[in-house]
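S.K.: Coordinates in input-v8.tsv, TSV, C-alpha atoms, are listed below.
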```tsv
chain	number	residue	atom	x	y	z
A	170	MET	CA	72.42	101.82	92.10
A	171	SER	CA	71.23	98.25	92.58
A	172	ILE	CA	72.21	96.13	95.57
A	173	GLU	CA	73.99	93.74	93.21
A	174	SER	CA	76.17	96.45	91.64
A	175	ALA	CA	76.95	98.10	94.96
A	176	THR	CA	78.06	94.92	96.69
A	177	PRO	CA	81.57	93.61	95.84
A	178	ARG	CA	81.74	89.89	95.25
A	179	LEU	CA	83.77	87.53	97.37
A	180	GLY	CA	86.72	85.78	95.80
A	181	PRO	CA	87.33	82.03	95.92
A	182	GLU	CA	87.19	80.39	99.33
A	183	GLY	CA	90.23	81.49	101.32
A	184	LEU	CA	91.34	83.87	98.57
A	185	GLU	CA	88.92	86.75	99.02
A	186	PHE	CA	91.61	89.31	98.13
A	187	LEU	CA	92.91	87.45	95.08
A	188	GLY	CA	94.71	89.85	92.74
A	189	GLN	CA	93.94	92.93	94.82
A	190	CYS	CA	96.52	95.58	95.63
A	191	VAL	CA	96.73	96.01	99.41
A	192	VAL	CA	98.92	98.61	101.14
A	193	VAL	CA	99.89	98.03	104.77
A	194	THR	CA	101.80	100.72	106.63
A	195	GLY	CA	103.91	99.77	109.62
A	196	ALA	CA	104.27	96.32	108.07
A	197	GLY	CA	107.63	95.58	109.67
A	198	SER	CA	106.36	94.12	112.93
A	199	GLY	CA	103.42	93.45	115.21
A	200	ILE	CA	99.90	93.95	113.88
A	201	GLY	CA	101.21	95.33	110.59
A	202	ARG	CA	103.33	92.28	109.89
A	203	GLU	CA	100.56	89.82	110.77
A	204	THR	CA	98.11	91.76	108.63
A	205	ALA	CA	100.41	91.93	105.62
A	206	LEU	CA	101.09	88.20	105.81
A	207	ALA	CA	97.38	87.45	106.13
A	208	PHE	CA	96.52	89.45	103.02
A	209	ALA	CA	99.30	87.68	101.13
A	210	GLU	CA	97.92	84.31	102.22
A	211	ARG	CA	94.56	85.35	100.78
A	212	GLY	CA	95.88	86.13	97.34
A	213	ALA	CA	96.62	89.85	97.54
A	214	ARG	CA	99.62	91.65	96.11
A	215	VAL	CA	100.86	93.52	99.15
A	216	ALA	CA	102.83	96.75	99.35
A	217	LEU	CA	104.70	96.58	102.65
A	218	LEU	CA	105.56	100.00	104.06
A	219	ASP	CA	107.73	100.74	107.07
A	220	ILE	CA	110.47	103.10	108.14
A	221	ALA	CA	112.75	100.20	109.18
A	222	ARG	CA	114.36	98.41	106.24
A	223	GLY	CA	115.44	95.33	108.17
A	224	ASP	CA	111.97	94.72	109.57
A	225	LEU	CA	110.46	95.20	106.13
A	226	ASP	CA	112.75	92.62	104.56
A	227	ALA	CA	111.92	90.12	107.30
A	228	THR	CA	108.21	90.49	106.61
A	229	ARG	CA	108.72	90.25	102.84
A	230	GLN	CA	110.65	87.00	103.21
A	231	ARG	CA	107.74	85.43	105.10
A	232	ALA	CA	105.02	86.56	102.70
A	233	THR	CA	103.51	83.83	100.54
A	234	GLY	CA	102.69	84.38	96.89
A	235	GLU	CA	104.18	86.73	94.33
A	236	GLY	CA	104.06	90.40	93.42
A	237	HIS	CA	104.73	91.91	96.84
A	238	VAL	CA	106.93	94.99	97.27
A	239	ALA	CA	108.70	96.25	100.39
A	240	LEU	CA	109.15	100.01	100.47
A	241	GLU	CA	110.74	102.28	103.03
A	242	CYS	CA	108.39	105.12	103.91
A	243	ASP	CA	108.35	107.76	106.63
A	244	VAL	CA	104.62	108.41	106.81
A	245	SER	CA	105.20	111.58	108.84
A	246	ARG	CA	106.67	113.15	105.69
A	247	PRO	CA	103.97	113.81	103.05
A	248	SER	CA	106.57	113.92	100.28
A	249	SER	CA	107.66	110.38	101.19
A	250	VAL	CA	104.04	109.23	101.15
A	251	VAL	CA	103.36	110.78	97.73
A	252	ASN	CA	106.46	109.23	96.19
A	253	VAL	CA	105.82	105.77	97.62
A	254	PHE	CA	102.14	105.67	96.68
A	255	SER	CA	102.99	106.83	93.16
A	256	HIS	CA	105.49	103.98	92.89
A	257	ILE	CA	102.91	101.50	94.17
A	258	GLY	CA	100.50	102.62	91.44
A	259	ASP	CA	103.19	102.12	88.80
A	260	VAL	CA	104.23	98.68	90.05
A	261	LEU	CA	101.09	97.08	91.48
A	262	GLY	CA	98.32	99.12	89.90
A	263	PRO	CA	95.34	100.82	91.57
A	264	ILE	CA	95.04	100.40	95.33
A	265	ASP	CA	92.09	98.31	96.53
A	266	VAL	CA	92.79	98.32	100.28
A	267	LEU	CA	94.80	100.55	102.59
A	268	VAL	CA	95.55	99.45	106.14
A	269	ASN	CA	96.72	102.56	107.99
A	270	ASN	CA	98.62	100.77	110.74
A	271	ALA	CA	101.80	102.81	111.25
A	272	GLY	CA	101.84	104.32	114.72
A	273	ILE	CA	104.11	104.98	117.68
A	274	ASN	CA	103.70	105.30	121.44
A	275	PRO	CA	107.07	106.21	122.96
A	276	PRO	CA	107.01	105.79	126.74
A	277	VAL	CA	106.56	108.92	128.81
A	278	GLY	CA	105.80	109.12	132.50
A	279	SER	CA	103.66	112.23	132.62
A	280	SER	CA	102.19	114.92	130.40
A	281	LEU	CA	104.53	117.30	132.24
A	282	ASP	CA	107.46	115.44	130.68
A	283	VAL	CA	106.22	115.94	127.11
A	284	ASP	CA	108.26	118.35	125.01
A	285	GLU	CA	107.53	119.70	121.55
A	286	ALA	CA	109.73	117.13	119.81
A	287	TYR	CA	107.89	114.24	121.48
A	288	TYR	CA	104.49	115.76	120.69
A	289	ASP	CA	105.36	116.38	117.04
A	290	ARG	CA	106.80	112.89	116.63
A	291	VAL	CA	103.68	111.14	117.92
A	292	MET	CA	101.21	113.36	116.10
A	293	GLY	CA	103.33	113.34	112.97
A	294	THR	CA	103.11	109.58	112.66
A	295	ASN	CA	99.74	108.78	114.21
A	296	ILE	CA	97.62	111.56	112.71
A	297	LYS	CA	99.52	113.45	110.03
A	298	GLY	CA	100.93	110.27	108.53
A	299	LEU	CA	97.61	108.46	108.64
A	300	PHE	CA	95.83	111.38	106.97
A	301	PHE	CA	98.24	111.73	104.07
A	302	CYS	CA	98.32	107.97	103.45
A	303	ALA	CA	94.52	107.98	103.37
A	304	GLN	CA	94.55	110.98	101.04
A	305	ALA	CA	96.92	109.24	98.63
A	306	ALA	CA	94.79	106.09	98.63
A	307	ILE	CA	91.53	108.01	98.18
A	308	ARG	CA	92.96	109.81	95.15
A	309	ALA	CA	93.33	106.39	93.52
A	310	MET	CA	90.05	104.93	94.80
A	311	VAL	CA	87.53	107.69	94.03
A	312	PRO	CA	87.86	107.62	90.21
A	313	ARG	CA	87.29	103.84	90.27
A	314	LYS	CA	84.42	104.09	92.78
A	315	SER	CA	85.95	101.25	94.74
A	316	GLY	CA	88.22	100.83	97.73
A	317	THR	CA	88.46	100.26	101.44
A	318	ILE	CA	90.52	101.92	104.16
A	319	VAL	CA	91.02	100.48	107.63
A	320	ASN	CA	92.63	102.78	110.20
A	321	LEU	CA	94.26	101.50	113.37
A	322	ALA	CA	92.99	103.43	116.37
A	323	SER	CA	93.07	102.29	120.01
A	324	VAL	CA	90.86	102.07	123.07
A	325	SER	CA	93.09	104.90	124.30
A	326	GLY	CA	91.22	107.12	121.87
A	327	LEU	CA	87.89	106.05	123.34
A	328	VAL	CA	88.51	106.25	127.08
A	329	GLY	CA	91.92	107.86	127.57
A	330	TRP	CA	94.97	106.25	129.17
A	331	GLY	CA	96.85	107.86	132.04
A	332	GLY	CA	100.45	108.64	131.19
A	333	SER	CA	99.74	108.56	127.43
A	334	ALA	CA	97.89	111.83	126.86
A	335	VAL	CA	99.47	112.60	123.50
A	336	TYR	CA	99.01	109.05	122.24
A	337	SER	CA	95.38	109.06	123.43
A	338	ALA	CA	94.77	112.38	121.70
A	339	SER	CA	96.27	111.06	118.48
A	340	LYS	CA	94.09	107.95	118.52
A	341	GLY	CA	91.00	110.00	119.34
A	342	GLY	CA	91.88	111.98	116.25
A	343	VAL	CA	92.05	108.77	114.23
A	344	LEU	CA	88.48	107.96	115.25
A	345	ALA	CA	87.18	111.41	114.28
A	346	LEU	CA	89.12	111.37	111.02
A	347	THR	CA	87.74	107.93	110.17
A	348	LYS	CA	84.15	109.11	110.51
A	349	ALA	CA	84.73	112.35	108.59
A	350	LEU	CA	86.48	110.62	105.70
A	351	ALA	CA	83.83	107.90	105.59
A	352	ILE	CA	81.10	110.49	105.07
A	353	GLU	CA	83.15	112.37	102.49
A	354	VAL	CA	83.94	109.40	100.26
A	355	ALA	CA	80.76	107.35	100.70
A	356	PRO	CA	79.19	108.80	97.51
A	357	HIS	CA	82.15	107.31	95.63
A	358	ALA	CA	81.57	103.80	97.09
A	359	VAL	CA	84.77	103.97	99.13
A	360	ARG	CA	84.52	102.72	102.72
A	361	VAL	CA	86.55	103.91	105.73
A	362	ASN	CA	86.49	102.16	109.10
A	363	ALA	CA	88.70	101.80	112.16
A	364	VAL	CA	89.80	99.06	114.52
A	365	ALA	CA	90.38	100.01	118.15
A	366	PRO	CA	92.44	97.33	119.91
A	367	GLY	CA	93.00	97.04	123.61
A	368	SER	CA	96.45	95.93	124.77
A	369	VAL	CA	98.20	93.75	122.20
A	370	ARG	CA	101.37	91.69	122.58
A	371	THR	CA	103.53	93.59	120.09
A	372	PRO	CA	107.17	94.70	119.98
A	373	MET	CA	106.06	98.31	120.58
A	374	VAL	CA	104.32	97.41	123.83
A	375	GLU	CA	107.18	95.12	124.81
A	376	ASN	CA	109.65	97.97	124.29
A	377	ASN	CA	107.57	100.22	126.53
A	378	LEU	CA	107.62	97.60	129.27
A	379	ARG	CA	111.40	97.17	129.15
A	380	ARG	CA	111.86	100.18	131.39
A	381	LEU	CA	109.98	98.39	134.16
A	382	GLU	CA	111.78	96.18	136.65
A	383	ASP	CA	109.38	93.24	136.32
A	384	ARG	CA	107.98	92.91	132.81
A	385	ASP	CA	106.11	89.71	133.57
A	386	GLU	CA	104.27	91.43	136.38
A	387	ALA	CA	103.55	94.39	134.10
A	388	TRP	CA	102.07	92.08	131.45
A	389	ALA	CA	99.96	90.40	134.13
A	390	ARG	CA	98.64	93.75	135.37
A	391	THR	CA	97.85	94.78	131.83
A	392	ALA	CA	96.01	91.53	131.19
A	393	ASP	CA	93.93	92.05	134.33
A	394	LEU	CA	92.58	95.30	132.89
A	395	HIS	CA	90.66	93.26	130.31
A	396	PRO	CA	87.64	91.16	131.40
A	397	LEU	CA	88.90	88.26	129.28
A	398	GLY	CA	91.98	88.23	131.52
A	399	ARG	CA	94.64	88.47	128.83
A	400	VAL	CA	96.06	90.74	126.17
A	401	ALA	CA	95.38	90.22	122.49
A	402	GLU	CA	97.71	88.59	120.00
A	403	PRO	CA	98.35	90.53	116.77
A	404	ARG	CA	96.52	87.92	114.71
A	405	GLU	CA	93.30	88.61	116.61
A	406	VAL	CA	93.40	92.25	115.53
A	407	THR	CA	94.26	91.17	112.01
A	408	GLU	CA	91.04	89.17	111.80
A	409	ALA	CA	89.04	92.33	112.48
A	410	ILE	CA	91.00	94.21	109.83
A	411	LEU	CA	90.36	91.47	107.27
A	412	PHE	CA	86.64	91.63	107.96
A	413	LEU	CA	86.46	95.40	107.51
A	414	ALA	CA	88.55	95.22	104.34
A	415	SER	CA	86.46	92.47	102.76
A	416	PRO	CA	83.08	92.45	100.98
A	417	ARG	CA	81.68	90.75	104.08
A	418	SER	CA	81.44	94.24	105.58
A	419	SER	CA	80.17	95.91	102.39
A	420	PHE	CA	77.53	97.99	104.24
A	421	VAL	CA	79.87	99.07	107.03
A	422	THR	CA	81.53	102.48	106.88
A	423	GLY	CA	82.40	105.14	109.44
A	424	SER	CA	82.43	102.46	112.14
A	425	VAL	CA	84.85	101.55	114.90
A	426	LEU	CA	85.32	97.88	115.75
A	427	THR	CA	86.74	97.43	119.24
A	428	VAL	CA	88.95	94.39	119.76
A	429	ASP	CA	89.64	94.86	123.43
A	430	GLY	CA	88.70	91.79	125.45
A	431	GLY	CA	85.83	93.72	127.03
A	432	PHE	CA	87.95	96.66	128.21
A	433	THR	CA	85.53	99.37	127.08
A	434	ALA	CA	82.49	97.41	128.28
A	435	GLN	CA	83.41	98.05	131.91
```
In structure tokens, how does this file's structure come out?

M.R.:
Amino acid sequence: MSIESATPRLGPEGLEFLGQCVVVTGAGSGIGRETALAFAERGARVALLDIARGDLDATRQRATGEGHVALECDVSRPSSVVNVFSHIGDVLGPIDVLVNNAGINPPVGSSLDVDEAYYDRVMGTNIKGLFFCAQAAIRAMVPRKSGTIVNLASVSGLVGWGGSAVYSASKGGVLALTKALAIEVAPHAVRVNAVAPGSVRTPMVENNLRRLEDRDEAWARTADLHPLGRVAEPREVTEAILFLASPRSSFVTGSVLTVDGGFTAQ
């Protein structure tokens, strides 16, 4: 295969995803919402997936361009994933990009407080859901020998995070799964990478901080953990996702891009 045939071409300036079908899970808020809107701005037809209908509709209303669909999906249920991805293929055509963003991190004080229901809920969304979404996308990408998957991991999967053992384990699994899938589908010209953010100002993190007496102080302490002295905004993580999904990263696969303000450099 020549370099020219193996390297996807960039679209028009500012519209590098023009006409592409992009699926974003967890598109109702936070990083998922920002990412879905960014792909729409760049010409993509976006399938917005989330378990919360109201959040989905809010994202859809803000998306520029035409051809987007908002679909309820519980990624922890493989049957839901299969049905939704089949519908996406019928409505939007073959999938070009999957952003596996759906994830949860319910607050828990200690590993000793974790019960089976909590464990299954976190793993069901963060690992099981991510795997079956990737599987559904790969089924569509391999025959076309084209496609890109970006998985959302976390620095918690790289270094661990006290009080979030199950979440850390799930995100460590995302990193391992990313590398394994990348090797498996590389012969079919499909790329799989991951983004590992540090702390990000999202509704999920905000909800976890609500149980604390002084949220402002909690945000400040969290910011101090990062050498840059602040937490990330969702858009900053989105920029990394866009890079990994675009032809600008055409020789990148099986990699993890940390967006953590220097957290893991310490």

S.K.: I need every residue sitting at most 12 Å from the point (90.2, 87.9, 112.0) (coordinates as in the file, all atoms listed in the file considered), written as a ChimeraX atom specification.

M.R.: /A:200,203-204,207-208,364,401-415,417,426,428

S.K.: Can you tell me, as a ChimeraX atom specification, what residues are no more than 7 Å from Ala239 in chain A when counting only C-alpha atoms, ignoring any on the same chain fewer than 2 positions away?

M.R.: /A:216-218,225-226,229,237,241

S.K.: What separation in Å, quoted to one decimal, exists between CA of Ile352 in chain A and CA of Gly423 in chain A?

M.R.: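 If I compute the distance from CA of Ile352 in chain A to CA of Gly423 in chain A, I get 7.0 Å.
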
S.K.: Between A:Ile307, A:Val215, A:Val335, A:Met373, which is the closest to Ala351 in chain A once you count all atoms listed in the file?

M.R.: A:Ile307

S.K.: Just give me the gap between CA of Ser248 in chain A and CA of Asn320 in chain A in Å, one decimal is fine.

M.R.: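 Taking CA of Ser248 in chain A and CA of Asn320 in chain A, their separation equals 20.4 Å.
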
S.K.: Is it possible to get the residues within 12 Å of (86.3, 94.5, 103.1) (coordinates as in the file, counting only C-alpha atoms) written as a PyMOL selection string?

M.R.: chain A and resi 176-180+185-186+189+191+208+265-268+315-319+359-363+408-422

S.K.: With distances taken over all atoms listed in the file, which of A:Asp282, A:Gly329, A:Ala271, A:Leu350 is nearest to Gln304 in chain A?

M.R.: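 Among the listed residues, A:Leu350 lies closest to Gln304 in chain A.
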
S.K.: Between CA of Gly188 in chain A and CA of Gly212 in chain A, measure the distance and give it in Å to one decimal.

M.R.: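 Interatomic distance here is 6.0 Å.
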
S.K.: Can you pull out the residues contacting Val238 in chain A? Cut-off 12 Å, using only C-alpha atoms, and skip same-chain residues under 3 positions away; I want them as a VMD selection string.

M.R.: chain A and resid 190 to 193 196 205 209 213 to 219 225 to 226 228 to 230 232 234 to 235 241 253 to 254 256 to 261

S.K.: Would you mind telling me which residue in A:Val251, A:Met310, A:Cys242, A:Val425 lies nearest to Gly326 in chain A when using all atoms listed in the file?

M.R.: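 Residue with the minimum atom-to-atom distance to Gly326 in chain A: A:Val425.
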
S.K.: Taking into account only C-alpha atoms, which residue in the set A:Val324, A:Gly236, A:Asn295, A:Ser337 is nearest to Ser280 in chain A?

M.R.: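 So, comparing all the options, the nearest one is A:Ser337.
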
S.K.: Go through A:Val250, A:Ala358, A:Leu240, A:Leu187 one by one, measure the shortest atom-to-atom distance of each to Phe300 in chain A using all atoms listed in the file, and give the residue with the smallest value.

M.R.: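 Ranking A:Val250, A:Ala358, A:Leu240, A:Leu187 by distance to Phe300 in chain A, first place goes to A:Val250.
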
S.K.: Restricting the calculation to only C-alpha atoms: of A:Arg384, A:Met292, A:Ala306, A:Arg246, which residue gets closest to Gly341 in chain A?

M.R.: A:Met292
